[in-house]
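For reference, entry-v8.txt (compact mmCIF, C-alpha atoms):
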# COMPACT_ATOMS: atom_id res chain seq x y z
CA MET A 1 -6.10 6.17 -1.40
CA LYS A 2 -9.56 7.25 -0.44
CA THR A 3 -10.98 10.06 1.61
CA VAL A 4 -12.76 8.47 4.56
CA GLU A 5 -13.85 11.63 6.37
CA GLN A 6 -13.60 15.30 5.45
CA THR A 7 -14.95 18.05 7.67
CA ALA A 8 -13.77 21.58 8.45
CA THR A 9 -11.54 20.32 11.29
CA LYS A 10 -10.71 16.74 10.28
CA LEU A 11 -9.43 14.96 7.18
CA VAL A 12 -8.95 11.19 7.18
CA LEU A 13 -7.31 9.43 4.22
CA ARG A 14 -6.82 5.66 4.00
CA HIS A 15 -4.80 3.46 1.69
CA ARG A 16 -5.69 -0.21 1.58
CA PRO A 17 -3.55 -2.36 -0.73
CA THR A 18 -6.43 -4.50 -1.97
CA GLN A 19 -4.50 -5.72 -5.01
CA VAL A 20 -1.76 -7.09 -2.76
CA TRP A 21 -4.40 -8.71 -0.54
CA ARG A 22 -6.01 -10.39 -3.57
CA LEU A 23 -2.65 -11.62 -4.83
CA ALA A 24 -1.73 -12.96 -1.38
CA ALA A 25 -5.09 -14.73 -1.09
CA GLY A 26 -4.63 -16.22 -4.54
CA ILE A 27 -1.20 -17.53 -3.67
CA ALA A 28 -2.11 -18.72 -0.16
CA ILE A 29 -5.51 -20.25 -0.94
CA VAL A 30 -6.10 -20.79 -4.66
CA TRP A 31 -2.75 -22.37 -5.55
CA PRO A 32 -2.77 -24.89 -2.67
CA VAL A 33 -6.42 -25.80 -3.35
CA LEU A 34 -5.63 -26.33 -7.04
CA LEU A 35 -2.63 -28.44 -6.16
CA LEU A 36 -4.68 -30.54 -3.73
CA TRP A 37 -7.39 -30.98 -6.36
CA LEU A 38 -4.71 -32.00 -8.86
CA SER A 39 -3.32 -34.58 -6.41
CA ALA A 40 -6.83 -35.96 -5.81
CA SER A 41 -7.39 -36.50 -9.53
CA ASN A 42 -3.86 -37.80 -10.15
CA SER A 43 -3.07 -40.14 -7.27
CA TRP A 44 0.49 -40.76 -8.44
CA LEU A 45 1.38 -37.21 -7.25
CA ASN A 46 0.81 -38.33 -3.67
CA TYR A 47 3.83 -40.63 -3.97
CA LEU A 48 6.20 -37.75 -4.65
CA TRP A 49 7.84 -36.85 -1.35
CA TRP A 50 8.13 -33.14 -2.20
CA PHE A 51 4.55 -32.56 -3.33
CA PRO A 52 3.12 -31.75 0.16
CA LEU A 53 6.03 -29.36 0.66
CA PHE A 54 5.06 -27.65 -2.58
CA VAL A 55 1.55 -27.00 -1.23
CA VAL A 56 2.93 -25.68 2.08
CA PHE A 57 5.47 -23.53 0.20
CA TRP A 58 2.77 -21.70 -1.80
CA PHE A 59 0.64 -21.20 1.30
CA GLY A 60 3.65 -19.77 3.14
CA CYS A 61 4.49 -17.45 0.23
CA GLY A 62 0.97 -16.01 0.24
CA VAL A 63 0.98 -15.46 4.00
CA LEU A 64 4.43 -13.87 3.85
CA LEU A 65 3.36 -11.52 1.04
CA PHE A 66 0.33 -10.46 3.07
CA LEU A 67 2.42 -9.80 6.18
CA ILE A 68 5.19 -7.89 4.41
CA ALA A 69 3.39 -5.87 1.73
CA GLY A 70 -0.19 -5.86 2.95
CA GLN A 71 -0.14 -2.97 5.37
CA ALA A 72 -2.90 -0.40 5.34
CA VAL A 73 -2.04 3.23 6.08
CA THR A 74 -4.33 5.87 7.61
CA TYR A 75 -3.55 9.60 7.59
CA GLN A 76 -5.61 11.68 10.02
CA PHE A 77 -5.24 15.46 9.82
CA ASP A 78 -6.90 17.10 12.82
CA LYS A 79 -7.04 20.90 13.20
CA THR A 80 -8.51 20.78 16.72
CA LEU A 81 -5.56 18.72 17.98
CA ASN A 82 -3.16 20.43 15.52
CA SER A 83 -1.75 17.04 14.55
CA LEU A 84 -1.22 14.60 11.74
CA THR A 85 -1.48 11.00 12.88
CA VAL A 86 -0.11 8.31 10.56
CA ARG A 87 -1.11 4.73 11.39
CA HIS A 88 0.52 1.78 9.65
CA HIS A 89 -1.82 -1.17 10.20
CA ARG A 90 0.18 -4.37 9.93
CA LEU A 91 -0.48 -7.69 11.58
CA PRO A 92 -0.01 -8.18 14.50
CA LYS A 93 0.41 -4.52 15.54
CA THR A 94 -0.24 -0.94 14.49
CA LYS A 95 2.56 1.63 14.34
CA THR A 96 1.44 5.20 15.09
CA THR A 97 3.46 8.32 14.30
CA GLU A 98 2.36 11.88 15.08
CA PHE A 99 3.42 15.18 13.57
CA ALA A 100 2.31 18.71 14.33
CA LEU A 101 0.40 20.40 11.50
CA LYS A 102 2.66 23.43 11.86
CA ASP A 103 5.62 21.20 10.89
CA ILE A 104 4.13 20.62 7.43
CA VAL A 105 5.88 23.07 5.13
CA ASP A 106 4.45 21.92 1.80
CA VAL A 107 2.52 19.15 0.08
CA GLN A 108 3.80 18.23 -3.37
CA LEU A 109 3.61 15.71 -6.15
CA GLN A 110 7.19 14.70 -6.92
CA LEU A 111 8.76 12.67 -9.67
CA ALA A 112 9.73 9.32 -8.12
CA SER A 113 11.20 7.59 -11.19
CA TRP A 114 11.39 7.90 -14.91
CA HIS A 115 11.76 5.00 -17.34
CA HIS A 116 12.56 5.43 -21.01
CA ASP A 117 11.86 2.51 -23.28
CA SER A 118 12.46 2.50 -26.99
CA ASP A 119 8.77 3.17 -27.64
CA GLU A 120 7.64 5.39 -24.80
CA SER A 121 8.62 7.19 -21.63
CA LYS A 122 6.96 6.55 -18.30
CA ALA A 123 7.14 8.71 -15.23
CA THR A 124 6.10 7.62 -11.74
CA TYR A 125 4.95 10.23 -9.25
CA GLN A 126 4.46 10.20 -5.49
CA GLY A 127 2.77 12.55 -3.09
CA VAL A 128 5.01 13.87 -0.33
CA LEU A 129 4.63 16.02 2.75
CA LEU A 130 7.65 18.25 3.26
CA LEU A 131 8.25 18.73 6.99
CA ARG A 132 10.47 21.10 8.94
CA GLY A 133 14.01 19.95 9.41
CA ASP A 134 14.26 18.67 5.82
CA ARG A 135 12.14 15.63 6.64
CA VAL A 136 9.93 14.06 3.98
CA LEU A 137 6.84 11.92 4.55
CA THR A 138 5.81 9.90 1.49
CA LEU A 139 2.09 9.33 0.97
CA HIS A 140 1.15 5.74 0.14
CA CYS A 141 -1.33 6.15 -2.71
CA GLY A 142 -1.19 2.67 -4.23
CA PHE A 143 0.71 0.93 -7.00
CA ASN A 144 -1.69 1.66 -9.83
CA ALA A 145 -2.85 5.12 -8.80
CA SER A 146 -2.61 7.49 -11.74
CA ARG A 147 -0.96 10.88 -11.66
CA GLN A 148 -4.40 12.53 -11.61
CA ASP A 149 -5.45 10.48 -8.56
CA LYS A 150 -2.29 11.48 -6.73
CA GLU A 151 -2.74 15.12 -7.74
CA ALA A 152 -6.29 15.00 -6.38
CA ILE A 153 -5.06 13.70 -3.01
CA VAL A 154 -2.38 16.39 -2.85
CA THR A 155 -4.99 19.05 -3.71
CA VAL A 156 -7.37 17.81 -0.99
CA ILE A 157 -4.60 17.96 1.61
CA ARG A 158 -3.44 21.41 0.46
CA GLN A 159 -6.99 22.77 0.59
CA PHE A 160 -7.55 21.30 4.05
CA LEU A 161 -4.33 22.88 5.35
CA GLY A 162 -5.17 26.23 3.73
CA MET A 163 -2.27 26.20 1.27
CA GLN A 164 -2.42 27.69 -2.19
CA PRO A 165 -3.21 25.12 -4.92
Could you rewrite the structure in this file as structure tokens?
Amino acid sequence: MKTVEQTATKLVLRHRPTQVWRLAAGIAIVWPVLLLWLSASNSWLNYLWWFPLFVVFWFGCGVLLFLIAGQAVTYQFDKTLNSLTVRHHRLPKTKTTEFALKDIVDVQLQLASWHHDSDESKATYQGVLLLRGDRVLTLHCGFNASRQDKEAIVTVIRQFLGMQP
């Protein structure tokens, strides 16, 4: 997640899942192109009835991955409007949700999961906005964002809202 705009009255954060986009492009474009190149150099593959379906299958998997997991999220905190606007950008539409800034009770970094292997322990954290009425809004920070990156985002939001660090 990156800070797009930060002023005294406005804070805009955006998460773009670029790794998912790259993976989807690789599956939808690179695999079918490689398979078509392979069929051009080995003509006997063209006689297999299922080979064209294999190319279409990989293209469809890439497109499906992009549509399901490739949504970008924008968080816009605005003190002049006293609102938090969350936009989930997904093809073909954008879903917009609004919250009042006064409904935000706290901003925290919470433990999402903990895995213990024989060699090491791994903890996964997520940033959350605690809202009135026991509602929780999870911040999408990315798959590979470190704990320090997530802590920095939480700190930026807390400072913008005037909360103690």
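Here the question is which of A:Leu67, A:Ala123, A:Val56, A:Val20 gets nearest to Leu91 (chain A) using all atoms listed in the file, and that residue is A:Leu67.
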Hey, what's within 7 Å of region 69-85 of chain A if we count all atoms listed in the file and toss same-chain stuff fewer than 2 positions away? As a CSV table (one decimal) with C-alpha atoms, in the frame of the given file, please?
chain,number,residue,atom,x,y,z
A,9,THR,CA,-11.5,20.3,11.3
A,10,LYS,CA,-10.7,16.7,10.3
A,11,LEU,CA,-9.4,15.0,7.2
A,12,VAL,CA,-9.0,11.2,7.2
A,13,LEU,CA,-7.3,9.4,4.2
A,14,ARG,CA,-6.8,5.7,4.0
A,15,HIS,CA,-4.8,3.5,1.7
A,16,ARG,CA,-5.7,-0.2,1.6
A,17,PRO,CA,-3.6,-2.4,-0.7
A,20,VAL,CA,-1.8,-7.1,-2.8
A,21,TRP,CA,-4.4,-8.7,-0.5
A,65,LEU,CA,3.4,-11.5,1.0
A,66,PHE,CA,0.3,-10.5,3.1
A,67,LEU,CA,2.4,-9.8,6.2
A,87,ARG,CA,-1.1,4.7,11.4
A,88,HIS,CA,0.5,1.8,9.6
A,89,HIS,CA,-1.8,-1.2,10.2
A,90,ARG,CA,0.2,-4.4,9.9
A,96,THR,CA,1.4,5.2,15.1
A,97,THR,CA,3.5,8.3,14.3
A,98,GLU,CA,2.4,11.9,15.1
A,99,PHE,CA,3.4,15.2,13.6
A,100,ALA,CA,2.3,18.7,14.3
A,101,LEU,CA,0.4,20.4,11.5
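Candidate residues A:Met163, A:Ile104, A:Cys61, A:Ala152 were compared for distance to Arg135 (chain A), and the nearest is A:Ile104, using all atoms listed in the file.
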Distance of CA of Lys2 (chain A) from CA of Trp114 (chain A), expressed in Å to one decimal place =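 Computed distance, CA of Trp114 (chain A) to CA of Lys2 (chain A), equals 25.5 Å.
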A:Gly62, A:Ser41, A:Val86, A:Leu48 ranked by distance to Gly26 (chain A), top pick (using all atoms listed in the file) |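 Under the stated criterion, the closest residue is A:Gly62.
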Distance of CA of Leu130 (chain A) from CA of Gln108 (chain A), expressed in Å to one decimal place =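 Result for CA of Gln108 (chain A) versus CA of Leu130 (chain A): 7.7 Å, one decimal.
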Atom pair CA of Val105 (chain A) + CA of Val154 (chain A), distance 13.3 Å
